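All remarks here apply to the structure that follows.
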Amino acid sequence: MADDTFEEDTVSVAERLAAEALIVDVDGFEGPLDLLLTLSRTQKVDLRKISVLQLAHQYLAFVEKAKQLRLELAADYLVMAAWLAFLKSRLLLPPDPTEEGPSGEELAAHLAFQLERLQAMRDAAARLMARDQLGRDFFARGQSEMVTRVRKVTYSATLLDLMQGYARIRTRDEFRPFVMDRDAVFTMEQALDRMRGLIGYAGDWTDILSYLPEGWEADPVKRRSATAATFAASLELVKEGHLDIRQSETFAPIQLRKRDEARDRST
Amino acid sequence: MTEAPEEKEESLFEAPPMAEQERMCEAILFATAEPITIRELAARMPHGCDPAEALVYLRKRYEGRGVQVMKIGDAWAIRTAADLGFLMQKETVETRKLSRAAIETLAIIAYHQPVTRAEIEEIRGVSVSRGTVDQLLELEWIRFGRRKMTPGRPVTFVVTQTFLDHFGLENARDLPGLKELRAAGLLENRPPPGTLPGPESEDDEESTEGQSELFED
Amino acid sequence: MTEAPEEKEESLFEAPPMAEQERMCEAILFATAEPITIRELAARMPHGCDPAEALVYLRKRYEGRGVQVMKIGDAWAIRTAADLGFLMQKETVETRKLSRAAIETLAIIAYHQPVTRAEIEEIRGVSVSRGTVDQLLELEWIRFGRRKMTPGRPVTFVVTQTFLDHFGLENARDLPGLKELRAAGLLENRPPPGTLPGPESEDDEESTEGQSELFED
């Protein structure tokens, strides 16, 4: 940094001014890391040589000052303060060999790394934005329209359109994810279709269970659905006058028979 | 005697060398949306430039090239060489935005593939017109997948490589999930009036899971 | 003897001479504002053309001129020379001013891509607001990349060709200072101490969480 050459007293004045500005401007920071980075600048050294201990001091002093001024500090600032206080004690005390976990130096090194990385990204962002930019420093072709010859319509959509479309559907009503549970459902329509084709052969009383579709008898879930649908379909056919149905007693087998018009007349 | 000071004044505003003036004309002709007159050129270039002369050089430079410096009325423009007009057919392609129905259908296929027409209709809550599916098939963004092992063995739809290319995806699994859509601010839109009221279902945790299950291999 | 008919057949599809191919590339690139891929060029030019080679010549031809042939990702475009920007006040487009958060997020995505939202937040030390990502997506400067193979399979962000075009970059590897940053280890995703070594030490859930929680909001 060029400021390295500053006189000692100039630095301290600048530091004091900076510290005061910090207090007033607490809302201007984007979180504790941003604040730490700003504080670290007052050390006037290369970020790689920063004193994390000193930085912890500065941060804790800042939080203390903010408390005195009764400034509302967001929770994450306080969490960072607690962590830095912990780090400070680790850095100051001789390492306890029995203690688990990373050493104070390792934690400090990581914090320094985070600060350096954030600063590097800010510098990179500044360099990026300082580049020549399309539409500002260099320009695309102004007259791109050409002789119309072939008129062909293509349709375009962006990924954003797609995702917005999907989001629209998903937020429109309570979304039911589509699952394969339909596998195990035999609808009444399906049962009716099936029964209509079969009742022609049901001259004599037959157990309703023999009408269950193939492949639906074994699995209990499927069997339940198929039984219910077949029963409902049978009732419908009785109502339509195509079928007779009977059950001798509770829980006895239900039996079906094709309604015979001749027989009907005789009874 | 009176001419001397004038000459001196001119040298204060010395114009850039002719080669530089030619570059300037080239850049301006390239970037303007309309043909441009000598007067306009002179107004945009540094004081003392002579765009008319620069254009003579520029025009010569482009002789026999793929584009030409042409005079149109009293203005100048860069145009495609007449013999290369056949290359410009693609410029006449008209792009239209995909309809909302098509976008939604496409999104459902992408997120739920393989998916049947009945399932799409169930999710969208309205029937899917034949034209919509045909359009997506024609664009080669969707194709028929394998039949579903359910009664009627309905045909399913899946998205194609062309779809992935168009949307810059390497894989349909890279589509962002519901949570990520929300995080990106894409789920901000409240449901349009007239649809079911009630809180935006916060139980989407569950549906996200259901959905991601479909993407697991 | 056997070669004769083959040669003849080839001549039926003989590509135009290279100078002619160069003219064609020139005409096509001049006609549009959008970058055009080699594949598109090849599709529009006569059978057998080699636009990649023609572009090498074309690029050389425009060196030092008022317009430049630029490579943008795997596409090509003609743009005015940056030093002549001062002539183009009329063409300048006012771009929406990006917030500091958006600019930083963009830089992090460009330099760390593919990068997840959590990684961006780790670097910036604050959570990324919805609007920020949304704005960058809308500008088409970033897009969703492939999912990371870590628990939760989070979606990643990468920069787009539009981004490269806007900042005059041939390639994301040409970002200013990229090499130095990498050499300094500043593009590493270094886990906090106390976690297992290796970038994807996600199984050490407990300590990772305990540590990173302190930096999260």
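Residues in the structure tokens are numbered from 1 in each chain, the chains being A, B, ... in the order shown, and ligands are numbered from 1 in the order shown.
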| request: Taking only C-alpha atoms into account, report as a ChimeraX atom specification which residues of chain C lie within 8 Å of chain A. | output: /C:30-34,78-86,91-93,103-104,106-108,123-126,137-138,165-168,175-177,181,186-187,192-194,214-217
| query | Mind listing as a ChimeraX atom specification which residues of chain B are within 8 Å of chain C, counting only C-alpha atoms? | reply | /B:22-28,30-32,44-45,65-67,80-81,84,87-88,90-91,169-171,173-176,180,183-186
Any chance you could export the current selection's C-alpha atoms as a PDB file, in the first residue's frame?
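Contents of selection13.pdb, as written:
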```
ATOM      1  CA  GLU B  22     -10.296   6.005 -42.257  1.00  0.00           C
ATOM      2  CA  ARG B  23     -10.498   3.825 -39.126  1.00  0.00           C
ATOM      3  CA  MET B  24     -12.921   6.281 -37.595  1.00  0.00           C
ATOM      4  CA  CYS B  25     -15.191   6.276 -40.636  1.00  0.00           C
ATOM      5  CA  GLU B  26     -15.065   2.496 -40.662  1.00  0.00           C
ATOM      6  CA  ALA B  27     -16.122   2.227 -37.015  1.00  0.00           C
ATOM      7  CA  ILE B  28     -18.906   4.779 -37.356  1.00  0.00           C
ATOM      8  CA  PHE B  30     -20.252  -0.145 -38.847  1.00  0.00           C
ATOM      9  CA  ALA B  31     -22.009   0.916 -35.676  1.00  0.00           C
ATOM     10  CA  THR B  32     -24.690   3.344 -36.871  1.00  0.00           C
ATOM     11  CA  ARG B  44     -18.752  13.197 -35.019  1.00  0.00           C
ATOM     12  CA  MET B  45     -15.084  13.066 -35.957  1.00  0.00           C
ATOM     13  CA  ARG B  65     -14.418  -7.764 -50.056  1.00  0.00           C
ATOM     14  CA  GLY B  66     -17.439  -9.513 -48.533  1.00  0.00           C
ATOM     15  CA  VAL B  67     -18.988  -6.165 -47.640  1.00  0.00           C
ATOM     16  CA  THR B  80     -23.176  -7.051 -47.979  1.00  0.00           C
ATOM     17  CA  ALA B  81     -21.592  -7.594 -51.387  1.00  0.00           C
ATOM     18  CA  LEU B  84     -23.088 -12.962 -51.284  1.00  0.00           C
ATOM     19  CA  LEU B  87     -25.648 -16.179 -47.382  1.00  0.00           C
ATOM     20  CA  MET B  88     -28.105 -13.833 -45.736  1.00  0.00           C
ATOM     21  CA  LYS B  90     -30.829 -16.839 -42.205  1.00  0.00           C
ATOM     22  CA  GLU B  91     -31.185 -13.179 -41.324  1.00  0.00           C
ATOM     23  CA  LEU B 169     -28.155 -27.322 -20.151  1.00  0.00           C
ATOM     24  CA  GLU B 170     -25.906 -30.296 -20.021  1.00  0.00           C
ATOM     25  CA  ASN B 171     -28.530 -32.465 -18.494  1.00  0.00           C
ATOM     26  CA  ARG B 173     -31.156 -32.894 -14.057  1.00  0.00           C
ATOM     27  CA  ASP B 174     -29.370 -29.539 -14.013  1.00  0.00           C
ATOM     28  CA  LEU B 175     -32.697 -27.731 -14.063  1.00  0.00           C
ATOM     29  CA  PRO B 176     -33.011 -25.794 -10.850  1.00  0.00           C
ATOM     30  CA  GLU B 180     -33.569 -22.791  -6.053  1.00  0.00           C
ATOM     31  CA  ALA B 183     -34.036 -18.451  -3.963  1.00  0.00           C
ATOM     32  CA  ALA B 184     -33.481 -16.848  -7.361  1.00  0.00           C
ATOM     33  CA  GLY B 185     -36.671 -14.856  -6.896  1.00  0.00           C
ATOM     34  CA  LEU B 186     -38.586 -16.717  -9.565  1.00  0.00           C
TER      35      LEU B 186
END
```
| For Leu87 in chain A, which of A:Thr230, A:Val52, A:Val238, A:Gln58 is the closest residue, counting only C-alpha atoms? | A:Val52
With DSSP run on the backbone, what are the alpha helix (DSSP H) residues within range 85-215 of chain C? I'd like them as a tab-separated table (two decimals) with C-alpha atoms, in the first residue's frame.
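Writing the result to selection-v1.tsv gives the following:
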```
chain	number	residue	atom	x	y	z
C	100	ARG	CA	-21.97	-3.42	-5.48
C	101	ALA	CA	-23.37	-6.74	-4.31
C	102	ALA	CA	-24.30	-7.67	-7.88
C	103	ILE	CA	-20.87	-6.71	-9.23
C	104	GLU	CA	-19.08	-8.70	-6.54
C	105	THR	CA	-21.35	-11.68	-7.05
C	106	LEU	CA	-20.71	-11.52	-10.78
C	107	ALA	CA	-16.95	-11.42	-10.25
C	108	ILE	CA	-17.09	-14.35	-7.85
C	109	ILE	CA	-19.10	-16.40	-10.33
C	110	ALA	CA	-16.73	-15.51	-13.16
C	111	TYR	CA	-13.56	-16.31	-11.22
C	112	HIS	CA	-14.81	-19.32	-9.25
C	117	ARG	CA	-24.79	-19.99	-3.87
C	118	ALA	CA	-23.37	-21.25	-0.58
C	119	GLU	CA	-19.83	-20.75	-1.87
C	120	ILE	CA	-20.62	-17.20	-2.99
C	121	GLU	CA	-22.02	-16.50	0.45
C	122	GLU	CA	-18.96	-18.00	2.12
C	123	ILE	CA	-16.69	-15.70	0.13
C	124	ARG	CA	-18.74	-12.55	0.60
C	130	ARG	CA	-32.68	-12.94	-4.47
C	131	GLY	CA	-32.70	-9.82	-6.56
C	132	THR	CA	-28.97	-9.98	-7.14
C	133	VAL	CA	-28.95	-13.36	-8.81
C	134	ASP	CA	-32.20	-12.58	-10.56
C	135	GLN	CA	-30.72	-9.42	-12.06
C	136	LEU	CA	-27.63	-11.22	-13.33
C	137	LEU	CA	-29.78	-13.99	-14.80
C	138	GLU	CA	-31.97	-11.43	-16.54
C	161	GLN	CA	-21.30	-16.00	-23.77
C	162	THR	CA	-23.24	-12.74	-23.41
C	163	PHE	CA	-21.01	-11.97	-20.44
C	164	LEU	CA	-17.86	-12.66	-22.47
C	165	ASP	CA	-19.22	-10.54	-25.33
C	166	HIS	CA	-20.05	-7.67	-23.02
C	178	LEU	CA	-7.00	-14.97	-13.09
C	179	LYS	CA	-3.61	-16.66	-13.15
C	180	GLU	CA	-2.20	-14.57	-10.32
C	181	LEU	CA	-5.25	-15.18	-8.18
C	182	ARG	CA	-5.03	-18.89	-8.78
C	183	ALA	CA	-1.30	-18.92	-8.05
C	205	GLU	CA	-20.86	-32.42	8.93
C	206	GLU	CA	-20.54	-31.45	12.55
C	207	SER	CA	-17.36	-29.44	12.58
C	208	THR	CA	-18.05	-27.90	9.17
C	209	GLU	CA	-21.35	-26.64	10.36
C	210	GLY	CA	-20.06	-25.51	13.69
C	211	GLN	CA	-17.39	-23.47	12.01
C	212	SER	CA	-19.23	-22.03	9.11
C	213	GLU	CA	-22.21	-21.11	11.21
```
| query | If you run DSSP on the backbone, which residues of range 45-191 of chain A are strand (DSSP E), as number ranges by chain? | reply | A: 153-156
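Going from CA of Lys49 in chain A over to CA of Pro97 in chain A, you cover 26.4 Å.
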